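Structure first, commentary second.
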Amino acid sequence: MARLRVNGELREVDVEESTPLLWVLREWLGLKGAKYACGMGLCGACTVHVDGQAIRSCVTPVSDVENKSVLTIEGLDPNGEHPLQQAWAELNVPQCGFCQTGQIMNAAALLQENPRPTEEEIEARMSGNLCRCGTYQRIKSAIQAASRAAGEVSS
């Protein structure tokens with residue numbers, strides 16, 4: 001039995017300790033935001049936060065997150081009002097949309113750590129999240145917009 005806090009709610013799942021967190025989230029808890037793509041932690045489609053850090057859930061055994069806090073796209077802001085979610089919509093970032101939850105979760109961790117990243121810092125941090133549609137410029141613009149919007153709210 002694995003115990004973890006997912007989106008603020010304590011959850012217990014009866015799975016093998018080696019079960020990838022991604023499968024626990026998608027199959028046992030019904031949270032479909034994190035996507036399965038490469039299965040090797042290389043593309044970022046499965047990105048979620050564990051204790052505030054962006055991780056690749058497809059290669060993270062559930063035993064590694066036991067008694068830790070997991071945040072998925074569903075918990076980032078259920079009403080879609082997080083500055084990143086708003087910027088993504090306003091700037092029409094997604095094309096196919098498959099990678100976008102992982103992109104947003106990685107960007108959210110970046111802004112949590114560095115509320116005012118430079119263009120170079122955004123590019124470096126986001127370089128590990130792949131987008132088959134090539135919306136990288138819109139992703140960067142949305143992160144910059146969200147950074148500005150968050151600054152306006154906190155002032």
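So you can find residues: chains in the structure tokens are A, B, ... in the order shown, residues in each start at 1, and ligands are numbered from 1 in order.
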Which residues of region 43-109 of chain A have any atom within 6 Å of an atom in region 2-11 of chain A when counting only C-alpha atoms, and what is the closest pair of atoms for each, with the distance in Å to one decimal? Order the rows by chain and rising number and write it as JSON lines.
{"residue": "A:Glu66", "atom": "CA", "partner": "A:Leu4", "partner_atom": "CA", "distance": 5.1}
{"residue": "A:Asn67", "atom": "CA", "partner": "A:Leu4", "partner_atom": "CA", "distance": 4.7}
{"residue": "A:Lys68", "atom": "CA", "partner": "A:Leu4", "partner_atom": "CA", "distance": 5.5}
{"residue": "A:Ser69", "atom": "CA", "partner": "A:Arg5", "partner_atom": "CA", "distance": 4.7}
{"residue": "A:Val70", "atom": "CA", "partner": "A:Val6", "partner_atom": "CA", "distance": 4.7}
{"residue": "A:Leu71", "atom": "CA", "partner": "A:Asn7", "partner_atom": "CA", "distance": 4.9}
{"residue": "A:Gly75", "atom": "CA", "partner": "A:Asn7", "partner_atom": "CA", "distance": 4.9}
Pick out each residue of region 52-143 of chain A that DSSP on the backbone tags as helix (DSSP H, G or I); I need them as a PyMOL selection string. chain A and resi 62-65+73-76+83-90+100-113+119-126+136-143
Report as a Markdown table the residues of region 67-106 of chain A within 10 Å of region 133-148 of chain A, each with its shortest atom pair and distance in Å (one decimal), using only C-alpha atoms, ordered by chain and increasing residue number.
| residue | atom | partner | partner_atom | distance |
| --- | --- | --- | --- | --- |
| A:His82 | CA | A:Ala146 | CA | 8.5 |
| A:Pro83 | CA | A:Ala146 | CA | 4.8 |
| A:Leu84 | CA | A:Ala146 | CA | 5.1 |
| A:Gln85 | CA | A:Ala146 | CA | 8.4 |
| A:Gln86 | CA | A:Ala146 | CA | 7.8 |
| A:Ala87 | CA | A:Ala142 | CA | 5.0 |
| A:Trp88 | CA | A:Ala142 | CA | 5.7 |
| A:Ala89 | CA | A:Ala142 | CA | 8.8 |
| A:Glu90 | CA | A:Ala142 | CA | 8.4 |
| A:Leu91 | CA | A:Ala142 | CA | 6.6 |
| A:Asn92 | CA | A:Arg138 | CA | 7.7 |
| A:Val93 | CA | A:Arg138 | CA | 5.3 |
| A:Pro94 | CA | A:Thr135 | CA | 7.1 |
| A:Gln95 | CA | A:Cys133 | CA | 6.4 |
| A:Cys96 | CA | A:Cys133 | CA | 7.0 |
| A:Gly97 | CA | A:Cys133 | CA | 8.8 |
| A:Phe98 | CA | A:Cys133 | CA | 9.4 |
| A:Cys99 | CA | A:Cys133 | CA | 9.3 |
| A:Gln100 | CA | A:Ile139 | CA | 8.9 |
| A:Gln103 | CA | A:Ile139 | CA | 7.9 |
| A:Ile104 | CA | A:Ile143 | CA | 8.6 |
Mind the document's chain letters and residue numbers, and return as an MDAnalysis selection string the residues of region 18-93 of chain A that DSSP labels strand (DSSP E). chainID A and resid 47:50 53:56 69:71
Contacts of Asn129 (chain A) at 9 Å (only C-alpha atoms; same-chain gap of 2+ positions) as a list in words: Leu42, Cys43, Gly44, Ala45, Thr47, Cys99, Gly102, Gln103, Asn106, Arg125, Met126, Ser127 and Cys131 of chain A
Within 12 Å of Leu29 (chain A), counting only C-alpha atoms, which residues qualify if same-chain residues fewer than 2 places away don't, as an NGL selection string? :A and (4-7 or 9-15 or 21-27 or 31-34 or 72 or 74)
Export of the given selection (N, CA, C and O atoms) as an mmCIF file, in the first residue's frame:
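Here's the written file selection18.cif:
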data_model
loop_
_atom_site.group_PDB
_atom_site.id
_atom_site.type_symbol
_atom_site.label_atom_id
_atom_site.label_comp_id
_atom_site.auth_asym_id
_atom_site.auth_seq_id
_atom_site.Cartn_x
_atom_site.Cartn_y
_atom_site.Cartn_z
ATOM 1 N N LEU A 4 0.348 8.694 -0.555
ATOM 2 C CA LEU A 4 0.879 9.933 -1.070
ATOM 3 C C LEU A 4 -0.208 10.994 -1.060
ATOM 4 O O LEU A 4 -1.392 10.675 -1.029
ATOM 5 N N ARG A 5 0.192 12.239 -1.035
ATOM 6 C CA ARG A 5 -0.760 13.344 -1.078
ATOM 7 C C ARG A 5 -0.773 13.841 -2.517
ATOM 8 O O ARG A 5 0.243 14.307 -3.029
ATOM 9 N N VAL A 6 -1.931 13.733 -3.163
ATOM 10 C CA VAL A 6 -2.060 14.141 -4.555
ATOM 11 C C VAL A 6 -3.037 15.307 -4.622
ATOM 12 O O VAL A 6 -4.196 15.182 -4.205
ATOM 13 N N ASN A 7 -2.538 16.422 -5.123
ATOM 14 C CA ASN A 7 -3.347 17.636 -5.242
ATOM 15 C C ASN A 7 -4.036 17.991 -3.929
ATOM 16 O O ASN A 7 -5.196 18.376 -3.888
ATOM 17 N N GLU A 9 -4.846 15.985 -1.454
ATOM 18 C CA GLU A 9 -5.665 14.932 -0.865
ATOM 19 C C GLU A 9 -4.829 13.686 -0.586
ATOM 20 O O GLU A 9 -4.128 13.196 -1.468
ATOM 21 N N LEU A 10 -4.898 13.184 0.645
ATOM 22 C CA LEU A 10 -4.171 11.965 0.992
ATOM 23 C C LEU A 10 -4.798 10.786 0.268
ATOM 24 O O LEU A 10 -6.013 10.587 0.325
ATOM 25 N N ARG A 11 -3.973 10.038 -0.434
ATOM 26 C CA ARG A 11 -4.455 8.893 -1.216
ATOM 27 C C ARG A 11 -3.634 7.664 -0.866
ATOM 28 O O ARG A 11 -2.438 7.754 -0.607
ATOM 29 N N GLU A 12 -4.290 6.520 -0.885
ATOM 30 C CA GLU A 12 -3.623 5.230 -0.708
ATOM 31 C C GLU A 12 -3.956 4.364 -1.907
ATOM 32 O O GLU A 12 -5.108 4.309 -2.342
ATOM 33 N N VAL A 13 -2.941 3.718 -2.444
ATOM 34 C CA VAL A 13 -3.141 2.827 -3.583
ATOM 35 C C VAL A 13 -2.421 1.519 -3.316
ATOM 36 O O VAL A 13 -1.319 1.508 -2.775
ATOM 37 N N ASP A 14 -3.060 0.444 -3.689
ATOM 38 C CA ASP A 14 -2.493 -0.883 -3.497
ATOM 39 C C ASP A 14 -1.793 -1.302 -4.791
ATOM 40 O O ASP A 14 -2.418 -1.883 -5.688
ATOM 41 N N VAL A 15 -0.508 -0.928 -4.885
ATOM 42 C CA VAL A 15 0.288 -1.226 -6.077
ATOM 43 C C VAL A 15 1.663 -1.697 -5.645
ATOM 44 O O VAL A 15 2.084 -1.477 -4.509
ATOM 45 N N LEU A 21 4.903 6.227 -11.026
ATOM 46 C CA LEU A 21 3.934 7.196 -10.542
ATOM 47 C C LEU A 21 2.923 7.557 -11.622
ATOM 48 O O LEU A 21 1.731 7.724 -11.338
ATOM 49 N N LEU A 22 3.364 7.671 -12.860
ATOM 50 C CA LEU A 22 2.454 8.015 -13.954
ATOM 51 C C LEU A 22 1.270 7.060 -14.010
ATOM 52 O O LEU A 22 0.127 7.489 -14.178
ATOM 53 N N TRP A 23 1.524 5.754 -13.865
ATOM 54 C CA TRP A 23 0.436 4.784 -13.947
ATOM 55 C C TRP A 23 -0.477 4.886 -12.739
ATOM 56 O O TRP A 23 -1.687 4.705 -12.850
ATOM 57 N N VAL A 24 0.101 5.193 -11.574
ATOM 58 C CA VAL A 24 -0.734 5.390 -10.379
ATOM 59 C C VAL A 24 -1.666 6.567 -10.625
ATOM 60 O O VAL A 24 -2.878 6.479 -10.369
ATOM 61 N N LEU A 25 -1.133 7.665 -11.116
ATOM 62 C CA LEU A 25 -1.951 8.854 -11.362
ATOM 63 C C LEU A 25 -3.034 8.584 -12.398
ATOM 64 O O LEU A 25 -4.210 8.899 -12.172
ATOM 65 N N ARG A 26 -2.655 7.991 -13.521
ATOM 66 C CA ARG A 26 -3.595 7.814 -14.626
ATOM 67 C C ARG A 26 -4.575 6.665 -14.400
ATOM 68 O O ARG A 26 -5.774 6.829 -14.602
ATOM 69 N N GLU A 27 -4.060 5.512 -14.011
ATOM 70 C CA GLU A 27 -4.891 4.312 -13.961
ATOM 71 C C GLU A 27 -5.584 4.091 -12.617
ATOM 72 O O GLU A 27 -6.698 3.598 -12.584
ATOM 73 N N LEU A 31 -6.350 10.538 -12.944
ATOM 74 C CA LEU A 31 -5.837 11.860 -13.320
ATOM 75 C C LEU A 31 -5.086 11.722 -14.637
ATOM 76 O O LEU A 31 -3.962 11.240 -14.678
ATOM 77 N N LYS A 32 -5.704 12.128 -15.711
ATOM 78 C CA LYS A 32 -5.183 11.864 -17.057
ATOM 79 C C LYS A 32 -4.343 12.994 -17.642
ATOM 80 O O LYS A 32 -3.915 12.924 -18.784
ATOM 81 N N GLY A 33 -4.085 14.061 -16.872
ATOM 82 C CA GLY A 33 -3.323 15.196 -17.398
ATOM 83 C C GLY A 33 -1.909 14.856 -17.793
ATOM 84 O O GLY A 33 -1.452 15.225 -18.877
ATOM 85 N N ALA A 34 -1.173 14.176 -16.933
ATOM 86 C CA ALA A 34 0.188 13.763 -17.273
ATOM 87 C C ALA A 34 0.089 12.672 -18.336
ATOM 88 O O ALA A 34 -0.693 11.737 -18.212
ATOM 89 N N THR A 72 -0.385 17.651 -9.770
ATOM 90 C CA THR A 72 -0.590 17.406 -11.192
ATOM 91 C C THR A 72 -1.230 18.646 -11.807
ATOM 92 O O THR A 72 -1.650 19.565 -11.104
ATOM 93 N N GLU A 74 -4.083 18.895 -12.889
ATOM 94 C CA GLU A 74 -5.454 19.012 -12.379
ATOM 95 C C GLU A 74 -5.503 19.794 -11.068
ATOM 96 O O GLU A 74 -6.515 20.412 -10.750
#
For Arg56 (chain A), which of A:Ile73, A:Glu16, A:Ala108, A:Tyr36 is the closest residue, counting only C-alpha atoms? A:Tyr36
CA of Arg132 (chain A) and CA of Cys38 (chain A) are how many Å apart?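 Atom-to-atom, CA of Arg132 (chain A) and CA of Cys38 (chain A) are spaced 12.3 Å apart.
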Distance in Å - CA of Ala37 (chain A) versus CA of Leu130 (chain A):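 Pair CA of Ala37 (chain A) / CA of Leu130 (chain A) returns 10.3 Å.
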